[in-house]
Every structure is written in C-alpha cells, then in structure tokens.
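Q: So here's start22.txt (compact mmCIF, C-alpha atoms).
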# COMPACT_ATOMS: atom_id res chain seq x y z
CA MET Z 1 -2.86 9.05 15.18
CA PRO Z 2 0.63 6.84 14.89
CA SER Z 3 4.91 11.28 12.24
CA ALA Z 4 12.63 18.90 2.03
CA SER Z 5 14.16 21.50 3.15
CA ALA Z 6 16.58 20.67 5.83
CA VAL Z 7 16.38 23.18 8.62
CA PRO Z 8 19.45 24.29 10.54
CA LEU Z 9 20.20 22.47 13.73
CA SER Z 10 20.62 24.33 16.93
CA ALA Z 11 24.23 25.27 17.45
CA HIS Z 12 24.01 24.03 21.01
CA ALA Z 13 22.33 20.68 20.33
CA PRO Z 14 24.61 17.74 21.15
CA ALA Z 15 25.07 15.18 18.36
CA SER Z 16 23.31 12.44 20.29
CA ARG Z 17 22.31 9.13 18.75
CA SER Z 18 20.15 8.11 21.69
CA PRO Z 19 16.78 6.76 20.52
CA TRP Z 20 15.18 8.86 23.27
CA ARG Z 21 16.88 12.14 22.36
CA SER Z 22 13.64 13.74 21.13
CA LEU Z 23 12.23 13.44 24.66
CA ARG Z 24 14.79 15.88 26.03
CA HIS Z 25 12.53 18.58 24.55
CA ARG Z 26 9.63 19.51 26.82
CA GLY Z 27 7.14 19.93 23.98
CA MET Z 28 7.88 16.44 22.67
CA ARG Z 29 7.39 14.92 26.13
CA TRP Z 30 3.95 16.48 26.39
CA TRP Z 31 3.11 15.47 22.82
CA SER Z 32 4.15 11.87 23.48
CA ALA Z 33 1.99 11.74 26.60
CA ALA Z 34 -0.95 13.13 24.66
CA ASN Z 35 -0.41 10.59 21.89
CA PHE Z 36 -0.33 7.74 24.39
CA VAL Z 37 -3.69 8.82 25.81
CA SER Z 38 -5.13 9.26 22.32
CA ASN Z 39 -3.88 5.88 21.08
CA ALA Z 40 -5.24 4.15 24.17
CA GLY Z 41 -8.65 5.73 23.55
CA THR Z 42 -8.57 4.84 19.86
CA TRP Z 43 -7.81 1.19 20.58
CA MET Z 44 -10.51 1.06 23.23
CA GLN Z 45 -12.98 2.08 20.52
CA LEU Z 46 -11.52 -0.19 17.81
CA THR Z 47 -11.61 -3.16 20.17
CA VAL Z 48 -15.38 -2.91 20.62
CA GLN Z 49 -16.37 -1.43 17.27
CA ASN Z 50 -16.24 -4.64 15.23
CA LEU Z 51 -18.10 -6.47 17.97
CA LEU Z 52 -20.76 -3.75 17.89
CA VAL Z 53 -21.20 -4.12 14.12
CA LEU Z 54 -21.46 -7.89 14.48
CA HIS Z 55 -24.02 -7.43 17.25
CA ILE Z 56 -26.13 -5.11 15.08
CA THR Z 57 -25.90 -7.01 11.79
CA GLY Z 58 -24.60 -10.49 12.57
CA SER Z 59 -22.54 -10.17 9.38
CA ALA Z 60 -18.78 -10.34 9.01
CA ALA Z 61 -19.14 -8.68 5.59
CA ALA Z 62 -20.81 -5.67 7.24
CA THR Z 63 -17.84 -5.41 9.61
CA GLY Z 64 -15.48 -5.24 6.65
CA LEU Z 65 -17.72 -2.67 4.99
CA SER Z 66 -17.56 -0.36 8.02
CA MET Z 67 -13.77 -0.51 7.95
CA SER Z 68 -13.67 0.21 4.20
CA VAL Z 69 -16.03 3.19 4.56
CA GLN Z 70 -13.71 4.73 7.14
CA ALA Z 71 -10.65 4.10 4.95
CA ALA Z 72 -12.20 5.29 1.68
CA PRO Z 73 -11.79 9.05 2.32
CA ALA Z 74 -8.01 8.53 2.51
CA LEU Z 75 -8.14 7.48 -1.14
CA LEU Z 76 -10.55 10.18 -2.29
CA VAL Z 77 -9.85 13.36 -0.33
CA SER Z 78 -6.38 13.02 1.24
CA LEU Z 79 -4.98 15.51 -1.28
CA LEU Z 80 -7.49 18.11 -0.12
CA GLY Z 81 -6.73 17.26 3.50
CA GLY Z 82 -3.04 17.83 2.89
CA ALA Z 83 -3.79 21.20 1.31
CA VAL Z 84 -5.74 22.19 4.43
CA VAL Z 85 -2.76 21.23 6.60
CA ASP Z 86 -0.47 23.45 4.50
CA ARG Z 87 -2.92 26.35 4.46
CA TRP Z 88 -3.65 26.74 8.18
CA PRO Z 89 -1.40 26.93 11.27
CA ARG Z 90 -0.52 23.43 12.40
CA LYS Z 91 -1.51 23.75 16.06
CA LEU Z 92 -4.90 25.25 15.20
CA THR Z 93 -5.53 22.51 12.64
CA VAL Z 94 -4.71 19.74 15.12
CA ALA Z 95 -6.78 21.28 17.90
CA VAL Z 96 -9.83 21.64 15.63
CA SER Z 97 -9.53 18.17 14.06
CA GLN Z 98 -9.07 16.49 17.44
CA THR Z 99 -12.10 18.33 18.81
CA LEU Z 100 -14.20 17.23 15.83
CA LEU Z 101 -13.07 13.62 16.23
CA GLY Z 102 -14.02 13.85 19.90
CA ALA Z 103 -17.46 15.12 18.93
CA VAL Z 104 -17.96 12.14 16.60
CA ALA Z 105 -16.90 9.73 19.35
CA PHE Z 106 -19.26 11.32 21.89
CA THR Z 107 -22.12 11.23 19.37
CA THR Z 108 -21.55 7.53 18.82
CA ALA Z 109 -21.37 6.91 22.56
CA LEU Z 110 -24.69 8.70 23.06
CA LEU Z 111 -26.41 6.72 20.30
CA VAL Z 112 -25.08 3.44 21.70
CA ALA Z 113 -26.11 4.35 25.26
CA LEU Z 114 -29.64 5.23 24.08
CA ASP Z 115 -29.80 2.11 21.91
CA ARG Z 116 -30.42 4.31 18.86
CA ILE Z 117 -27.45 3.10 16.85
CA ASP Z 118 -27.97 1.23 13.57
CA MET Z 119 -25.79 0.31 10.62
CA THR Z 120 -26.65 3.42 8.64
CA ALA Z 121 -25.62 5.69 11.50
CA LEU Z 122 -22.41 3.74 12.04
CA LEU Z 123 -21.44 4.01 8.37
CA VAL Z 124 -22.15 7.76 8.31
CA LEU Z 125 -20.10 8.29 11.46
CA ALA Z 126 -17.28 6.13 10.06
CA ALA Z 127 -17.22 8.18 6.86
CA VAL Z 128 -17.14 11.46 8.80
CA THR Z 129 -14.27 10.12 10.93
CA GLY Z 130 -12.38 9.14 7.78
CA VAL Z 131 -12.79 12.60 6.26
CA ILE Z 132 -11.56 14.36 9.41
CA ALA Z 133 -8.64 11.92 9.63
CA THR Z 134 -7.39 13.02 6.21
CA VAL Z 135 -6.57 16.35 7.86
CA ASP Z 136 -5.78 15.14 11.36
CA GLY Z 137 -3.25 12.46 10.33
CA PRO Z 138 -0.72 14.63 8.46
CA ALA Z 139 -1.29 17.57 10.80
CA CYS Z 140 -0.44 15.50 13.89
CA ALA Z 141 2.58 13.90 12.22
CA LEU Z 142 4.02 17.25 11.17
CA LEU Z 143 3.21 18.96 14.47
CA GLY Z 144 5.34 16.39 16.30
CA ASN Z 145 8.23 17.11 13.93
CA ASP Z 146 7.81 20.85 14.45
CA LEU Z 147 8.70 20.37 18.11
CA VAL Z 148 12.22 18.97 17.63
CA PRO Z 149 15.37 19.73 15.61
CA VAL Z 150 15.39 18.00 12.22
CA ALA Z 151 18.17 15.60 13.33
CA ASP Z 152 15.84 14.39 16.09
CA VAL Z 153 12.91 13.67 13.74
CA PRO Z 154 13.83 9.94 13.44
CA SER Z 155 13.84 9.76 17.24
CA ALA Z 156 10.43 11.44 17.37
CA ILE Z 157 9.06 8.96 14.82
CA GLY Z 158 10.56 5.99 16.69
CA VAL Z 159 9.18 7.21 20.00
CA GLY Z 160 5.83 7.69 18.29
CA ALA Z 161 5.88 4.06 17.14
CA LEU Z 162 6.59 2.90 20.68
CA VAL Z 163 3.85 5.14 22.05
CA HIS Z 164 1.46 3.66 19.50
CA SER Z 165 2.34 0.11 20.59
CA ALA Z 166 2.00 0.97 24.27
CA GLY Z 167 -1.31 2.74 23.65
CA ARG Z 168 -2.60 -0.26 21.74
CA LEU Z 169 -1.80 -2.62 24.61
CA ALA Z 170 -3.30 -0.27 27.19
CA GLY Z 171 -6.40 0.49 25.13
CA THR Z 172 -7.12 -3.15 24.37
CA ALA Z 173 -6.85 -4.06 28.05
CA LEU Z 174 -8.90 -1.07 29.23
CA ALA Z 175 -11.64 -1.79 26.68
CA GLY Z 176 -12.46 -5.11 28.29
CA ILE Z 177 -12.59 -3.55 31.75
CA ALA Z 178 -14.66 -0.53 30.67
CA VAL Z 179 -17.18 -2.56 28.67
CA GLY Z 180 -17.49 -5.12 31.43
CA PHE Z 181 -18.35 -2.51 34.06
CA LEU Z 182 -19.85 0.40 32.11
CA GLY Z 183 -21.03 -0.98 28.77
CA THR Z 184 -20.00 -0.52 25.14
CA ALA Z 185 -20.75 3.21 25.09
CA SER Z 186 -17.98 3.82 27.63
CA ALA Z 187 -15.28 2.87 25.12
CA TYR Z 188 -16.52 5.53 22.69
CA ALA Z 189 -16.81 8.09 25.48
CA ALA Z 190 -13.26 7.34 26.63
CA ASN Z 191 -12.03 7.86 23.08
CA GLY Z 192 -13.85 11.18 22.95
CA LEU Z 193 -12.15 12.28 26.17
CA SER Z 194 -8.77 11.25 24.77
CA PHE Z 195 -9.28 13.52 21.74
CA LEU Z 196 -10.23 16.44 23.97
CA PHE Z 197 -7.13 15.81 26.10
CA VAL Z 198 -4.93 16.13 23.00
CA ALA Z 199 -6.74 19.30 21.93
CA SER Z 200 -6.19 20.80 25.40
CA VAL Z 201 -2.44 20.04 25.31
CA VAL Z 202 -1.78 21.50 21.85
CA PRO Z 203 -1.91 25.23 22.80
CA PHE Z 204 0.87 24.71 25.36
CA LEU Z 205 3.33 22.99 22.99
CA ARG Z 206 6.46 24.98 22.22
CA PRO Z 207 9.11 24.03 19.62
CA ALA Z 208 12.66 23.44 20.80
CA ALA Z 209 15.54 25.65 19.66
CA GLY Z 210 16.48 24.64 16.13
CA ALA Z 211 13.21 22.81 15.59
CA ALA Z 212 11.78 22.33 12.13
CA GLU Z 213 9.83 25.48 11.38
CA GLY Z 214 6.97 23.73 9.60
CA ALA Z 215 4.20 25.57 11.36
CA ALA Z 216 5.99 28.87 11.17
CA ALA Z 217 6.49 28.41 7.45
CA VAL Z 218 2.75 28.74 6.84
CA PRO Z 219 2.10 32.44 6.21
CA ARG Z 220 -0.27 34.07 8.63
CA GLU Z 221 -2.07 35.69 5.74
CA ALA Z 222 -3.92 33.23 3.50
CA PRO Z 223 -1.74 32.54 0.43
CA ALA Z 224 -3.07 32.68 -3.07
CA ARG Z 225 -5.30 29.77 -4.02
CA ALA Z 226 -2.94 28.72 -6.82
CA GLU Z 227 -0.02 28.51 -4.41
CA MET Z 228 -1.87 26.29 -1.97
CA GLY Z 229 -3.65 24.08 -4.50
CA VAL Z 230 -3.63 20.31 -4.57
CA ARG Z 231 -1.96 20.24 -7.99
CA GLU Z 232 1.27 21.81 -6.71
CA GLY Z 233 1.77 19.09 -4.10
CA LEU Z 234 1.02 16.30 -6.57
CA ALA Z 235 3.36 17.80 -9.18
CA PHE Z 236 6.13 18.15 -6.61
CA PHE Z 237 5.78 14.50 -5.58
CA VAL Z 238 5.81 13.20 -9.15
CA ARG Z 239 8.84 15.31 -10.11
CA ARG Z 240 10.82 14.39 -7.01
CA PRO Z 241 12.83 11.25 -7.91
CA ARG Z 242 13.59 10.29 -4.32
CA LEU Z 243 9.93 10.40 -3.32
CA VAL Z 244 8.91 8.38 -6.36
CA ALA Z 245 11.64 5.86 -5.49
CA LEU Z 246 10.45 5.77 -1.88
CA ALA Z 247 6.90 5.13 -3.08
CA GLY Z 248 8.09 2.31 -5.32
CA ILE Z 249 10.12 0.64 -2.57
CA THR Z 250 7.32 0.95 -0.04
CA GLY Z 251 4.71 -0.23 -2.54
CA LEU Z 252 6.63 -3.37 -3.48
CA SER Z 253 7.37 -4.13 0.16
CA SER Z 254 3.78 -3.51 1.23
CA VAL Z 255 2.30 -5.81 -1.41
CA PHE Z 256 4.85 -8.61 -1.58
CA GLY Z 257 6.80 -8.39 1.66
CA ARG Z 258 4.79 -7.16 4.63
CA ASN Z 259 1.49 -8.97 4.56
CA TYR Z 260 2.83 -11.46 7.07
CA GLY Z 261 -0.57 -11.84 8.67
CA LEU Z 262 -1.54 -13.62 5.44
CA THR Z 263 1.62 -15.28 4.12
CA LEU Z 264 3.04 -16.51 7.43
CA ALA Z 265 -0.39 -17.63 8.63
CA VAL Z 266 -0.71 -19.90 5.59
CA LEU Z 267 2.91 -21.06 5.87
CA VAL Z 268 2.62 -21.92 9.57
CA THR Z 269 -0.74 -23.66 9.38
CA GLY Z 270 0.02 -25.33 6.03
CA PRO Z 271 3.51 -26.54 5.09
CA LEU Z 272 4.86 -26.25 8.65
CA ALA Z 273 1.79 -28.06 10.10
CA GLY Z 274 1.35 -25.64 12.99
CA GLY Z 275 -1.86 -24.41 14.54
CA ALA Z 276 -3.35 -21.15 15.74
CA GLY Z 277 -1.08 -21.23 18.78
CA ALA Z 278 2.02 -21.51 16.62
CA PHE Z 279 0.95 -18.55 14.50
CA GLY Z 280 0.25 -16.62 17.70
CA THR Z 281 3.86 -17.22 18.72
CA VAL Z 282 5.07 -15.98 15.33
CA SER Z 283 2.87 -12.88 15.67
CA THR Z 284 4.30 -12.18 19.12
CA VAL Z 285 7.86 -12.40 17.79
CA LEU Z 286 6.91 -10.03 14.96
CA ALA Z 287 5.57 -7.54 17.51
CA VAL Z 288 8.71 -7.76 19.64
CA GLY Z 289 10.88 -7.25 16.56
CA GLY Z 290 8.82 -4.21 15.62
CA ILE Z 291 9.45 -2.64 19.02
CA ILE Z 292 13.19 -3.35 18.83
CA GLY Z 293 13.28 -1.92 15.32
CA ALA Z 294 11.50 1.25 16.43
CA VAL Z 295 14.19 1.81 19.08
CA LEU Z 296 17.00 1.19 16.59
CA GLY Z 297 15.34 3.37 13.96
CA ALA Z 298 15.10 6.20 16.47
CA ARG Z 299 18.91 6.24 16.60
CA LEU Z 300 19.12 7.37 12.97
CA ARG Z 301 20.14 10.97 12.38
CA LYS Z 302 20.03 11.51 8.59
CA PRO Z 303 18.12 8.62 6.98
CA SER Z 304 17.93 8.48 3.19
CA VAL Z 305 16.03 6.66 0.47
CA ARG Z 306 19.15 4.55 -0.07
CA THR Z 307 18.97 3.49 3.58
CA VAL Z 308 15.31 2.55 3.17
CA GLY Z 309 16.09 0.59 0.00
CA LEU Z 310 18.97 -1.35 1.50
CA LEU Z 311 16.93 -2.24 4.58
CA ALA Z 312 13.96 -3.29 2.45
CA ALA Z 313 16.23 -5.46 0.29
CA ALA Z 314 17.77 -7.06 3.39
CA GLY Z 315 14.31 -7.79 4.75
CA ALA Z 316 13.27 -9.26 1.41
CA LEU Z 317 16.24 -11.64 1.38
CA LEU Z 318 15.40 -12.72 4.93
CA GLN Z 319 11.86 -13.32 3.68
CA VAL Z 320 13.20 -15.60 0.92
CA VAL Z 321 15.05 -17.70 3.49
CA ALA Z 322 11.99 -17.72 5.75
CA GLY Z 323 9.90 -19.05 2.88
CA LEU Z 324 12.27 -22.02 2.69
CA SER Z 325 12.17 -22.70 6.46
CA PRO Z 326 12.08 -26.46 7.14
CA SER Z 327 10.55 -26.03 10.61
CA LEU Z 328 8.75 -23.59 12.89
CA ALA Z 329 11.88 -23.17 15.01
CA VAL Z 330 13.90 -21.96 12.01
CA LEU Z 331 11.08 -19.61 11.02
CA LEU Z 332 10.99 -18.07 14.49
CA VAL Z 333 14.73 -17.38 14.29
CA LEU Z 334 14.22 -15.51 11.00
CA VAL Z 335 11.03 -13.65 11.90
CA LEU Z 336 12.69 -11.48 14.54
CA PRO Z 337 15.32 -9.86 12.26
CA MET Z 338 12.67 -9.55 9.52
CA ALA Z 339 10.49 -7.48 11.84
CA VAL Z 340 13.45 -5.43 13.12
CA VAL Z 341 14.62 -4.54 9.60
CA GLU Z 342 11.07 -3.67 8.53
CA SER Z 343 10.55 -1.37 11.52
CA VAL Z 344 13.87 0.47 11.02
CA SER Z 345 13.05 0.86 7.33
CA ASP Z 346 9.62 2.29 8.21
CA THR Z 347 11.17 4.85 10.57
CA ALA Z 348 13.77 5.89 7.98
CA GLY Z 349 11.18 6.18 5.22
CA THR Z 350 8.79 8.22 7.35
CA ALA Z 351 11.60 10.58 8.34
CA VAL Z 352 12.52 11.15 4.68
CA LEU Z 353 8.89 11.66 3.69
CA GLN Z 354 8.25 14.21 6.43
CA THR Z 355 11.48 16.22 6.08
CA ASP Z 356 12.34 16.12 2.36
CA PRO Z 357 9.60 18.46 1.03
CA PRO Z 358 9.84 22.18 1.82
CA PRO Z 359 7.64 23.14 4.79
CA HIS Z 360 4.92 24.78 2.69
CA LEU Z 361 4.34 21.50 0.78
CA ARG Z 362 4.64 18.85 3.47
CA GLY Z 363 0.94 18.50 4.19
CA ARG Z 364 0.10 17.94 0.53
CA VAL Z 365 2.95 15.48 0.10
CA LEU Z 366 1.61 13.47 3.03
CA GLY Z 367 -1.83 13.69 1.42
CA VAL Z 368 -0.44 12.17 -1.79
CA TRP Z 369 1.29 9.49 0.26
CA SER Z 370 -1.92 8.66 2.12
CA SER Z 371 -3.79 8.17 -1.16
CA ILE Z 372 -1.04 5.93 -2.53
CA GLY Z 373 -0.92 3.94 0.71
CA THR Z 374 -4.65 3.34 0.59
CA VAL Z 375 -4.28 1.87 -2.89
CA TRP Z 376 -1.63 -0.51 -1.58
CA SER Z 377 -3.68 -1.54 1.44
CA LEU Z 378 -6.79 -2.20 -0.66
CA GLY Z 379 -5.11 -3.80 -3.67
CA GLY Z 380 -2.18 -5.58 -2.04
CA PRO Z 381 -3.94 -8.46 -0.26
CA PRO Z 382 -5.90 -9.59 -3.36
CA LEU Z 383 -2.73 -9.53 -5.49
CA LEU Z 384 -0.82 -11.47 -2.86
CA GLY Z 385 -3.72 -13.90 -2.54
CA LEU Z 386 -3.58 -14.60 -6.27
CA LEU Z 387 0.17 -15.18 -6.05
CA MET Z 388 -0.35 -17.60 -3.16
CA GLU Z 389 -3.03 -19.44 -5.13
CA TRP Z 390 -0.57 -19.88 -7.95
CA ALA Z 391 2.69 -20.49 -6.07
CA GLY Z 392 1.67 -21.45 -2.53
CA ALA Z 393 2.82 -19.78 0.69
CA ARG Z 394 6.48 -20.73 0.23
CA GLY Z 395 6.49 -19.67 -3.40
CA ALA Z 396 4.82 -16.34 -2.59
CA LEU Z 397 7.39 -15.54 0.10
CA VAL Z 398 10.33 -16.52 -2.10
CA ALA Z 399 9.05 -14.88 -5.29
CA GLY Z 400 7.96 -11.74 -3.45
CA GLY Z 401 11.30 -11.42 -1.67
CA LEU Z 402 13.29 -11.89 -4.88
CA LEU Z 403 11.08 -9.35 -6.69
CA ILE Z 404 11.64 -6.74 -3.98
CA ALA Z 405 15.38 -7.29 -3.65
CA GLY Z 406 15.90 -7.49 -7.43
CA SER Z 407 13.91 -4.32 -8.12
CA ILE Z 408 15.75 -2.35 -5.47
CA GLY Z 409 19.13 -3.63 -6.66
CA ALA Z 410 18.31 -2.67 -10.24
CA GLY Z 411 17.16 0.76 -9.13
CA LEU Z 412 20.39 1.39 -7.21
CA LEU Z 413 22.46 0.35 -10.25
CA VAL Z 414 20.51 2.63 -12.57
CA ARG Z 415 20.83 5.57 -10.18
CA ARG Z 416 24.57 5.00 -9.77
CA ARG Z 417 25.10 5.04 -13.53
CA GLY Z 418 22.74 7.89 -14.31
CA GLY Z 419 23.51 10.16 -11.37
CA PRO Z 420 21.04 12.37 -9.48
CA VAL Z 421 18.46 14.43 -11.36
CA PRO Z 422 18.12 17.95 -9.94
CA VAL Z 423 14.59 19.19 -9.42
CA PRO Z 424 14.11 22.98 -9.17
CA LEU Z 425 11.94 24.11 -6.26
CA ALA Z 426 9.87 27.23 -5.96
CA ALA Z 427 11.26 28.92 -2.88
CA LYS Z 428 9.14 30.50 -0.17
CA ASP Z 429 10.17 32.70 2.70
CA GLY Z 430 11.93 30.57 5.29
CA ASP Z 431 12.55 27.60 2.97
CA VAL Z 432 16.06 26.29 2.44
CA THR Z 433 16.93 25.84 -1.23
CA GLY Z 434 19.64 24.23 -3.30
CA ARG Z 435 21.81 21.38 -2.08
CA GLU Z 436 21.18 22.21 1.58
CA ALA Z 437 17.46 21.60 1.05
CA LEU Z 438 18.19 17.97 0.15
CA GLY Z 439 20.39 17.20 3.12
CA THR Z 440 18.09 14.85 5.01
CA ALA Z 441 17.34 12.58 2.08
CA ALA Z 442 20.44 12.52 -0.09
Would you kindly transcribe this structure into structure tokens?

A:
Amino acid sequence: MPSASAVPLSAHAPASRSPWRSLRHRGMRWWSAANFVSNAGTWMQLTVQNLLVLHITGSAAATGLSMSVQAAPALLVSLLGGAVVDRWPRKLTVAVSQTLLGAVAFTTALLVALDRIDMTALLVLAAVTGVIATVDGPACALLGNDLVPVADVPSAIGVGALVHSAGRLAGTALAGIAVGFLGTASAYAANGLSFLFVASVVPFLRPAAGAAEGAAAVPREAPARAEMGVREGLAFFVRRPRLVALAGITGLSSVFGRNYGLTLAVLVTGPLAGGAGAFGTVSTVLAVGGIIGAVLGARLRKPSVRTVGLLAAAGALLQVVAGLSPSLAVLLVLVLPMAVVESVSDTAGTAVLQTDPPPHLRGRVLGVWSSIGTVWSLGGPPLLGLLMEWAGARGALVAGGLLIAGSIGAGLLVRRRGGPVPVPLAAKDGDVTGREALGTAA
C-alpha cells in the first residue's frame, strides 16, 4: 500500500528520536497492524499472479504485459487520483478504495475458482486495480501521516517500510501454504479479506494530539472545481524548487543508481565470475541493509532535500567504489552501506514529499509524483541497459555514480550561490503560511 505546511507539534510531545516513536500513538499502532495484514495479502496475490498468467498463456511476455497494464494508470490518471484524495475526507476515501480493491480481488478469486479466468479478464481486472490504486496509494500514505505529529512522520514512514518488508515475507510464505492446500483462488480471496480488514479499521482511527491535520484541512463542503483541479497541484509542484530538486535527485538515483537487480546481477555473474547463489547473497545483504536503513531513517525528525541529496551522493560514491570491486567479498562489504544509505534517503525524501505541500494540495502533489515515478520505472531500465551495453557493468556503476554525485554537488553549489527562491502560496483555512510553512523541508 507501502506514506508543506508544517503543523504545530503538540506542546506535550517529548522530543524523541526513537525510530518507533510513531507507535506510541494508538491510531498509528492500529494502522500499522492493518497495513501488515494488507501487505501480507497483497504479496500472497502477487506471488501466485505471475504463475497464473504463465499457466494461462505460457508466455513470459504476457506476464510482463499484465504488470504493465496495472502500472499504466499511474502514468495516465494519477493526477486525477490525487485530486480525488484532496477533494474528499481521507478516511472515507481510504475505506471506499480498500473496499473496491477487495471487490476486485474477490471477483478474481471467484473466476479462478470457477475456472472462468482468461487473459482478457485478467488484464481488465489489472487495469481496474491500477485505476483504484491511483486514489488508494496517496490516500493511505497521507492518512498514516494524519495520525501522528509532523515530527513523527519520518518514524511513521520508516515503520511503514518495515511493515511492508514483514508483510512481504509473511505473504510470500503464506501463499505457498494456501495454494498448496486450498488452490490458487485462496490467495486472491485472502487478499480480498485483507482489504476489508483495513476498511473496517479505518473508522476507528483517531489522530494524536498535534497530528498533521491533513484530513481536517479538506473542507466538508465541496470546494470550487477550480480550487480542486489537477492544474493547481501540477503548477504548485513545478513552481516549488525543493520538489523539483527532489524529483531530479530521485530520478537520477532511480535510473543510474538503484537498479541493482540489473547492474549488480551482471557484475556478479560477469566480471566477478559468480553464479546465481552469489547474486542471491548480494540480494540478501541489500534487503538487510534496507531494513537497517528504514530503522535509521525513522529516527529523523526534520529531513530536508539537502539531506536527501547528501545521502544520495554518498550512496553514489559507494556505488562507484562497488563498481571497481576486485572480488565478491569486497562487493559484499560495500553493498550493505549502499542499501542503508539508499533506505535512509528514501525515508527522508518521502517525509519531505508528504509534509512540504499545504494539506489541501498533498494528494495532487503525490499524484504528480506517482506519474513521474512511473516514467522512471518504465524508462530507467532501458536507459541503463544501453549504458551497460556501451560501458559494461563496471562502467555503468562508475559512470552512473559519478553522474549522480556530480549533479547533486553542482546543484548544491548553485543553490548556495543563488540563495532560496520564495514561492508564494495561496492560503486556505488551517494552512500555515510563510517561513513556518517551509519548516520541514528547509
């Protein structure tokens, strides 16, 4: 499901840096439990879905097509989904979207159980899921933030990353058991139940004292169409230098620095003469580093774009050294800090993205971000593949790392010389304006 105007902190909230501090709030504990159940159900379905497509078609290309069809709506209609999130109360939006996703999962389970499923039906259901997800994704992320004080948002995001990892492990394991005893349809049915569980928890969630008032910032009466349009969110994003910088940093890192499943696989099995087992070890170390990084990232209190940039540059320099690794042992030593830095950077960037815009624009900003991220995910691997064809695995890692670090360094120098560019914001009731509104991402 995986998480500005700074909102005032509660006067009684202790200045804790514990990565678990968001869990001291009852609403966040319930939300984390619901997310664990939902992630487990999602991974149960994902584990069997590709196998189901292969069983129906016998084609690996068809499997890739089904994944692309589900991802395509994020590119095409995420801006509209973000506008929906800003227009309607957050809890209602999440409850409805989760219920609809559950209905899609149950429909698929029924078709599989009756042996009425075919590729056309799967593609239609995947497209419907993708459309609903353009609303559900930002709504769920912002609802979690609404439950805690703004200083605890990094903790909530870090906990969410850990919950996602735990749900993935549990869901993958449960999928094999469920399919073995009850058949493929059971994985889809379990996912449907997990969505309904989340929908049933949502009405009982209560924000903590001093929590971000995102949901409350949405007027109960429907605002004017012009005020809630897609264009306003897109214009805000483009005119917000820190968000543009964050997009640039994340884009460079996503294309040239984080496709380790491709670059490290070629490096390990090629120049380092390892096999599938060796790459499995590297992947395990990456996963462990990601978990450690999520815990460390959850300790952040006021992350900024500068923090994200410095972490991304550090990770890029580690990538350069990794590209020059003379042996698998040296690579393993470098992979752990690479994954840790990447995970902390992700947490910091997500916290900035979800707290920097004023509450009435956050859904649309996340919609813009989702569209941009889809472009990276679709275009990044082919670009990286071309670079690897030209420069090899070592050359791609070194060149990509130097490009990332050099671009971020140049950007920091330009910003230091030019100074910040103020961007006027249209204030709404309950929004914080002026310098205080930029506190979480300065």

Q: Find the residues around Cys140 of chain Z up to 10 Å (only C-alpha atoms counted), leave out those fewer than 3 positions away in its own chain, and share them as a ChimeraX atom specification.

A: /Z:1-3,31,35,85,90-91,93-95,97-98,133,135-137,143-146

Q: Could you check which of Z:Leu353, Z:Ala127, Z:Ala209, Z:Val285 is closest to Trp369 of chain Z, using all atoms listed in the file?

A: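 When distances to Trp369 of chain Z are compared using all atoms listed in the file, the smallest one comes from Z:Leu353.
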
Q: Just the residues within 12 Å of Ala410 of chain Z, please, counting all atoms listed in the file, with nothing from its chain fewer than 5 positions along; format it as a ChimeraX atom specification.

A: /Z:245,249,309-310,313,402-405,415-417

Q: By how many Å are atom CA of Leu318 of chain Z and atom CA of Thr355 of chain Z apart?

A: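 So the two atoms, atom CA of Leu318 of chain Z and atom CA of Thr355 of chain Z, lie 29.2 Å apart.
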
Q: Which residues are near segment 111-115 of chain Z? Cut-off 9 Å, all atoms listed in the file, ignore same chain within fewer than 2 positions. Put them as a list in words.

A: Phe106, Thr107, Thr108, Ala109, Ile117, Asp118, Ala121, Gly183, Thr184, Ala185, Ser186 and Tyr188 of chain Z

Q: Restricting it to C-alpha atoms, dump the selection as a compact mmCIF listing (two decimals), in the coordinates of the input.

A:
# COMPACT_ATOMS: atom_id res chain seq x y z
CA PHE Z 106 -19.26 11.32 21.89
CA THR Z 107 -22.12 11.23 19.37
CA THR Z 108 -21.55 7.53 18.82
CA ALA Z 109 -21.37 6.91 22.56
CA ILE Z 117 -27.45 3.10 16.85
CA ASP Z 118 -27.97 1.23 13.57
CA ALA Z 121 -25.62 5.69 11.50
CA GLY Z 183 -21.03 -0.98 28.77
CA THR Z 184 -20.00 -0.52 25.14
CA ALA Z 185 -20.75 3.21 25.09
CA SER Z 186 -17.98 3.82 27.63
CA TYR Z 188 -16.52 5.53 22.69

Q: Between atom CA of Gln354 of chain Z and atom CA of Thr134 of chain Z, what is the distance in Å, rounded to a tenth?

A: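 Distance between the two atoms: 15.7 Å.
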
Q: Quick one: distance from atom CA of Leu23 of chain Z to atom CA of Val150 of chain Z in Å, one decimal?

A: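 Atom CA of Val150 of chain Z lies at a distance of 13.6 Å from atom CA of Leu23 of chain Z.
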